[in-house]
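Here the structure is laid out as structure tokens; the discussion comes afterwards.
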Amino acid sequence: MVTRLAPTPSGFLHLGNLFNFLLTWHWAREHGARILLRIDDADSARVRPEYVHDIFRTLEALKMDWDMGPSGPDELDRQWSQRHRLDLYHDCLQELRGSGKLYACACSRKSQANQQRAVCTCFNDALSLDDSSLSWKVHCDRNMHVCFLDFQGLELEYPVEDFVVRRRDGIPSYQVTSLTDDRYFRVTHIVRGNDLLESTARQVYLDSLLPGPWLTTARFLHHPLLTLPDGHKLSKSAGYQSEPLLQRMSAPQILDAFARWRELLLL
Ligand SMILES: [Zn+2]
């Protein structure tokens with residue numbers, strides 16, 4: 001069994017991130033699973049060295065260890081950065097292209113984000129996938145639901161609609177890098193927040209289009225997001241942090257808050 005901690009170094013870690021890592025870590029240590037530390041730095045424009053340092057410093061302060069992955073920023077840079085796996089991501093995109101499910105999309109990210117329900121009709125336009133100014137989307141059948149397994153082996157299902165797999169700038173989307181890495185490192189158990197349910201469905205769908213499906217048999221634990229006293233939920237992208245968490249909370253305080261949260265979740 002292999003699980004992973006997958007921080008994104010585009011900001012300082014927040015409590016929601018750490019609760020996810022602690023949940024993953026405890027589960028792995030209680031069940032004899034190996035832990036991969038995978039730092040999601042493919043979107044290098046948003047990565048900053050202080051955020052990378054923050055990951056290692058915080059994991060160390062909370063005494064979380066891992067069995068695979070970089071021991072520090074230098075090793076990340078030399079060996080483990082997603083930059084070193086770009087060929088794999090592009091191979092994945094080519095495999096997806098071979099599945100016949102991809103189409104080129106001329107909609108800008110902005111126009112898609114601005115509308116409540118963005119209407120993209122590019123599927124009907126059959127634009128060329130070789131036009132490098134266009135993004136690539138995967139087509140999903142109408143009312144498509146994707147099935148995946150939870151940690152108990154029960155089948156869950158979630159709806160998916162067309163989504164981007166390659167951005168206009170040529171960068172593979174998060175769905176592709178995450179999926180490729182999970183396949184490459186043979187990750188069997190994934191612990192993530194409820195906010196990533198849709199990502200799970202998307203990744204399992206992409207996986208099913210590739211030779212030798214892997215995620216279809218992997219197991220997922222989606223946990224509720226940490227709710228702050230004001231009712232605000234800390235998701236991966238929401239929790240803006242202007243300083244490292246350890247400057248505001250001590251490691252024992254974080255561990256204590258985690259223990260109480262875990263009790264509430266009955267996990
Ligand atoms: Zn479009």
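Just remember, in the structure tokens the first chain shown is A, the second B, etc., residues are 1-based per chain, and ligands are 1-based in the order shown.
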
**Q.** Cut-off 8 Å, only C-alpha atoms and all ligand atoms, neighbours of ligand 1 as an NGL selection string
**A.** :A and (104-108 or 119-123)

Quick one: contact table of range 19-102 of chain A to range 182-189 of chain A, 12 Å max, nearest atom pair and distance in Å to one decimal per residue, counting only C-alpha atoms, chain and number order, as a Markdown table?
```
| residue | atom | partner | partner_atom | distance |
| --- | --- | --- | --- | --- |
| A:Thr24 | CA | A:His189 | CA | 9.1 |
| A:Trp25 | CA | A:His189 | CA | 11.5 |
| A:Trp27 | CA | A:His189 | CA | 9.9 |
| A:Ala28 | CA | A:His189 | CA | 9.1 |
| A:His31 | CA | A:His189 | CA | 11.0 |
| A:Gly32 | CA | A:His189 | CA | 11.8 |
| A:Ala33 | CA | A:His189 | CA | 8.7 |
| A:Arg34 | CA | A:Val187 | CA | 9.1 |
| A:Ile35 | CA | A:Val187 | CA | 9.0 |
| A:Leu36 | CA | A:Phe185 | CA | 8.1 |
| A:Leu37 | CA | A:Phe185 | CA | 10.6 |
| A:Arg38 | CA | A:Asp182 | CA | 9.5 |
| A:Asp40 | CA | A:Asp182 | CA | 11.8 |
| A:Asp67 | CA | A:Phe185 | CA | 12.0 |
| A:Met68 | CA | A:Phe185 | CA | 9.3 |
| A:Gly69 | CA | A:Phe185 | CA | 10.2 |
| A:Trp80 | CA | A:Phe185 | CA | 11.6 |
| A:Gln82 | CA | A:Tyr184 | CA | 11.8 |
| A:Arg85 | CA | A:Tyr184 | CA | 9.7 |
| A:Leu88 | CA | A:Tyr184 | CA | 8.7 |
| A:Tyr89 | CA | A:Tyr184 | CA | 10.4 |
| A:Cys92 | CA | A:Arg183 | CA | 10.5 |
```

Would you mind exporting the chosen residues as an mmCIF file, in the first residue's frame, restricted to N, CA and C atoms?
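What follows is the written file part.cif:
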```cif
data_model
loop_
_atom_site.group_PDB
_atom_site.id
_atom_site.type_symbol
_atom_site.label_atom_id
_atom_site.label_comp_id
_atom_site.auth_asym_id
_atom_site.auth_seq_id
_atom_site.Cartn_x
_atom_site.Cartn_y
_atom_site.Cartn_z
ATOM 1 N N THR A 24 -3.482 11.510 6.719
ATOM 2 C CA THR A 24 -2.820 10.571 5.817
ATOM 3 C C THR A 24 -1.702 9.831 6.538
ATOM 4 N N TRP A 25 -0.893 10.612 7.235
ATOM 5 C CA TRP A 25 0.279 10.050 7.922
ATOM 6 C C TRP A 25 -0.142 9.021 8.969
ATOM 7 N N TRP A 27 -2.967 7.362 9.183
ATOM 8 C CA TRP A 27 -3.548 6.192 8.533
ATOM 9 C C TRP A 27 -2.436 5.270 8.028
ATOM 10 N N ALA A 28 -1.431 5.846 7.364
ATOM 11 C CA ALA A 28 -0.342 5.049 6.796
ATOM 12 C C ALA A 28 0.425 4.311 7.888
ATOM 13 N N HIS A 31 -1.537 1.456 9.286
ATOM 14 C CA HIS A 31 -1.860 0.350 8.374
ATOM 15 C C HIS A 31 -0.650 -0.182 7.602
ATOM 16 N N GLY A 32 0.516 0.279 7.926
ATOM 17 C CA GLY A 32 1.718 -0.228 7.273
ATOM 18 C C GLY A 32 1.870 0.188 5.823
ATOM 19 N N ALA A 33 1.269 1.314 5.439
ATOM 20 C CA ALA A 33 1.421 1.793 4.058
ATOM 21 C C ALA A 33 2.679 2.660 3.944
ATOM 22 N N ARG A 34 3.255 2.696 2.775
ATOM 23 C CA ARG A 34 4.394 3.574 2.535
ATOM 24 C C ARG A 34 3.890 4.962 2.156
ATOM 25 N N ILE A 35 4.666 5.969 2.545
ATOM 26 C CA ILE A 35 4.261 7.351 2.273
ATOM 27 C C ILE A 35 5.211 7.989 1.257
ATOM 28 N N LEU A 36 4.621 8.546 0.214
ATOM 29 C CA LEU A 36 5.378 9.313 -0.779
ATOM 30 C C LEU A 36 5.167 10.803 -0.494
ATOM 31 N N LEU A 37 6.243 11.551 -0.455
ATOM 32 C CA LEU A 37 6.090 13.011 -0.417
ATOM 33 C C LEU A 37 6.222 13.502 -1.856
ATOM 34 N N ARG A 38 5.111 14.008 -2.386
ATOM 35 C CA ARG A 38 5.103 14.487 -3.763
ATOM 36 C C ARG A 38 4.766 15.970 -3.743
ATOM 37 N N ASP A 40 3.802 19.199 -5.530
ATOM 38 C CA ASP A 40 3.143 19.552 -6.794
ATOM 39 C C ASP A 40 3.633 20.905 -7.300
ATOM 40 N N ASP A 67 8.546 7.821 3.284
ATOM 41 C CA ASP A 67 9.399 6.717 2.842
ATOM 42 C C ASP A 67 9.969 6.923 1.443
ATOM 43 N N MET A 68 9.318 7.756 0.664
ATOM 44 C CA MET A 68 9.793 8.059 -0.696
ATOM 45 C C MET A 68 9.637 9.554 -0.914
ATOM 46 N N GLY A 69 10.567 10.120 -1.678
ATOM 47 C CA GLY A 69 10.450 11.551 -1.975
ATOM 48 C C GLY A 69 11.671 12.306 -1.499
ATOM 49 N N TRP A 80 13.354 15.142 -7.663
ATOM 50 C CA TRP A 80 11.962 14.805 -7.434
ATOM 51 C C TRP A 80 10.964 15.810 -7.984
ATOM 52 N N GLN A 82 8.456 17.881 -10.208
ATOM 53 C CA GLN A 82 7.624 17.443 -11.336
ATOM 54 C C GLN A 82 8.242 17.848 -12.663
ATOM 55 N N ARG A 85 9.539 15.110 -14.601
ATOM 56 C CA ARG A 85 8.598 14.120 -15.138
ATOM 57 C C ARG A 85 7.737 14.699 -16.264
ATOM 58 N N LEU A 88 6.721 12.368 -18.974
ATOM 59 C CA LEU A 88 5.635 11.447 -18.611
ATOM 60 C C LEU A 88 4.276 12.120 -18.787
ATOM 61 N N TYR A 89 4.201 13.403 -18.379
ATOM 62 C CA TYR A 89 2.922 14.106 -18.505
ATOM 63 C C TYR A 89 2.542 14.268 -19.977
ATOM 64 N N CYS A 92 1.385 11.048 -21.361
ATOM 65 C CA CYS A 92 -0.005 10.810 -20.933
ATOM 66 C C CYS A 92 -0.964 11.566 -21.856
#
```

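If you measure from each of A:Ser135, A:Thr3, A:Ser81, A:Gln247 to Val164 in chain A using only C-alpha atoms, the closest one turns out to be A:Ser135.
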
(Q) Residues near range 216-224 of chain A, anyone? I mean within 9 Å using only C-alpha atoms, not counting same-chain ones fewer than 6 positions away, as a count of residues only. (A) 26

(Q) Using DSSP secondary structure from the backbone, list all strand (DSSP E) positions within range 46-213 of chain A, as an MDAnalysis selection string. (A) chainID A and resid 102:105 135:138 145:150 155:159 163:166 189:193

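Near Asn143 in chain A, within 8 Å and counting only C-alpha atoms, sit A:Pro159, A:Val160, A:Glu161, not including residues fewer than 6 positions from it in the same chain.
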
Q.
Could you pull out the helix (DSSP H, G or I) residues of range 125-254 of chain A, going by DSSP on the backbone, and write them as a PyMOL selection string?
A. chain A and resi 125+174-184+194-209+245-247+251-254

Just write the chosen residues, C-alpha atoms, as a PDB file, in the first residue's frame.
```
ATOM      1  CA  ASP A 125     -16.232  22.858 -34.015  1.00  0.00           C
ATOM      2  CA  TYR A 174      -3.338  19.381 -12.489  1.00  0.00           C
ATOM      3  CA  GLN A 175      -5.578  16.414 -13.369  1.00  0.00           C
ATOM      4  CA  VAL A 176      -2.918  15.058 -15.723  1.00  0.00           C
ATOM      5  CA  THR A 177       0.132  15.640 -13.509  1.00  0.00           C
ATOM      6  CA  SER A 178      -1.581  14.228 -10.430  1.00  0.00           C
ATOM      7  CA  LEU A 179      -2.895  11.190 -12.283  1.00  0.00           C
ATOM      8  CA  THR A 180       0.429  10.514 -14.001  1.00  0.00           C
ATOM      9  CA  ASP A 181       2.300  10.721 -10.707  1.00  0.00           C
ATOM     10  CA  ASP A 182      -0.170   8.456  -8.917  1.00  0.00           C
ATOM     11  CA  ARG A 183       0.228   5.891 -11.688  1.00  0.00           C
ATOM     12  CA  TYR A 184       4.016   6.264 -11.823  1.00  0.00           C
ATOM     13  CA  ASN A 194     -14.241  16.844  -0.143  1.00  0.00           C
ATOM     14  CA  ASP A 195     -13.373  19.778  -2.381  1.00  0.00           C
ATOM     15  CA  LEU A 196     -11.425  17.354  -4.576  1.00  0.00           C
ATOM     16  CA  LEU A 197     -14.270  14.884  -5.205  1.00  0.00           C
ATOM     17  CA  GLU A 198     -14.669  16.262  -8.698  1.00  0.00           C
ATOM     18  CA  SER A 199     -10.930  15.943  -9.307  1.00  0.00           C
ATOM     19  CA  THR A 200     -11.081  12.317  -8.226  1.00  0.00           C
ATOM     20  CA  ALA A 201     -13.870  11.616 -10.702  1.00  0.00           C
ATOM     21  CA  ARG A 202     -11.976  13.403 -13.468  1.00  0.00           C
ATOM     22  CA  GLN A 203      -8.741  11.573 -12.765  1.00  0.00           C
ATOM     23  CA  VAL A 204     -10.400   8.165 -12.569  1.00  0.00           C
ATOM     24  CA  TYR A 205     -12.094   8.884 -15.895  1.00  0.00           C
ATOM     25  CA  LEU A 206      -8.805   9.895 -17.558  1.00  0.00           C
ATOM     26  CA  ASP A 207      -7.186   6.814 -16.038  1.00  0.00           C
ATOM     27  CA  SER A 208      -9.811   4.602 -17.660  1.00  0.00           C
ATOM     28  CA  LEU A 209      -8.816   5.988 -21.081  1.00  0.00           C
ATOM     29  CA  LEU A 245       1.611  28.738  10.297  1.00  0.00           C
ATOM     30  CA  LEU A 246       4.319  27.871  12.815  1.00  0.00           C
ATOM     31  CA  GLN A 247       4.691  31.565  13.553  1.00  0.00           C
ATOM     32  CA  ALA A 251       3.529  22.231  16.851  1.00  0.00           C
ATOM     33  CA  PRO A 252       1.802  20.863  20.026  1.00  0.00           C
ATOM     34  CA  GLN A 253      -1.105  23.274  19.461  1.00  0.00           C
ATOM     35  CA  ILE A 254      -1.481  22.066  15.869  1.00  0.00           C
TER      36      ILE A 254
END
```

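What separates CA of Arg78 in chain A from CA of Ala61 in chain A is a distance of 23.8 Å.
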
**Q.** Close residues, Asp256 in chain A itself excluded, 12 Å, only C-alpha atoms, min 4 positions apart in chain, as an MDAnalysis selection string
**A.** chainID A and resid 15 19 22 62 249:252 260:263

For the residues in the current selection, export C-alpha atoms as a PDB file, in the first residue's frame.
```pdb
ATOM      1  CA  LEU A  15      -4.146  24.230   9.013  1.00  0.00           C
ATOM      2  CA  PHE A  19      -4.883  18.170   8.972  1.00  0.00           C
ATOM      3  CA  LEU A  22      -1.692  14.269   9.554  1.00  0.00           C
ATOM      4  CA  LEU A  62       5.181  17.947  13.362  1.00  0.00           C
ATOM      5  CA  MET A 249       0.692  28.147  16.341  1.00  0.00           C
ATOM      6  CA  SER A 250       3.162  25.831  18.027  1.00  0.00           C
ATOM      7  CA  ALA A 251       3.529  22.231  16.851  1.00  0.00           C
ATOM      8  CA  PRO A 252       1.802  20.863  20.026  1.00  0.00           C
ATOM      9  CA  ARG A 260      -9.911  17.105  18.300  1.00  0.00           C
ATOM     10  CA  TRP A 261     -10.835  17.457  14.620  1.00  0.00           C
ATOM     11  CA  ARG A 262     -10.137  13.769  13.982  1.00  0.00           C
ATOM     12  CA  GLU A 263     -12.335  12.792  16.905  1.00  0.00           C
TER      13      GLU A 263
END
```

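Nearest to Pro244 in chain A of all the residues A:Ile171, A:Val138, A:Leu129, A:Val52 is A:Val52, based on only C-alpha atoms.
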
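In terms of minimum interatomic distance to Met144 in chain A, A:Glu157 ranks closest within A:Arg46, A:Asp131, A:Arg97, A:Glu157, counting only C-alpha atoms.
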
(Q) Applying 7 Å and only C-alpha atoms, which residues near Glu95 in chain A remain after dropping the ones on its own chain fewer than 4 positions away? List them as a PyMOL selection string. (A) chain A and resi 91+99+210
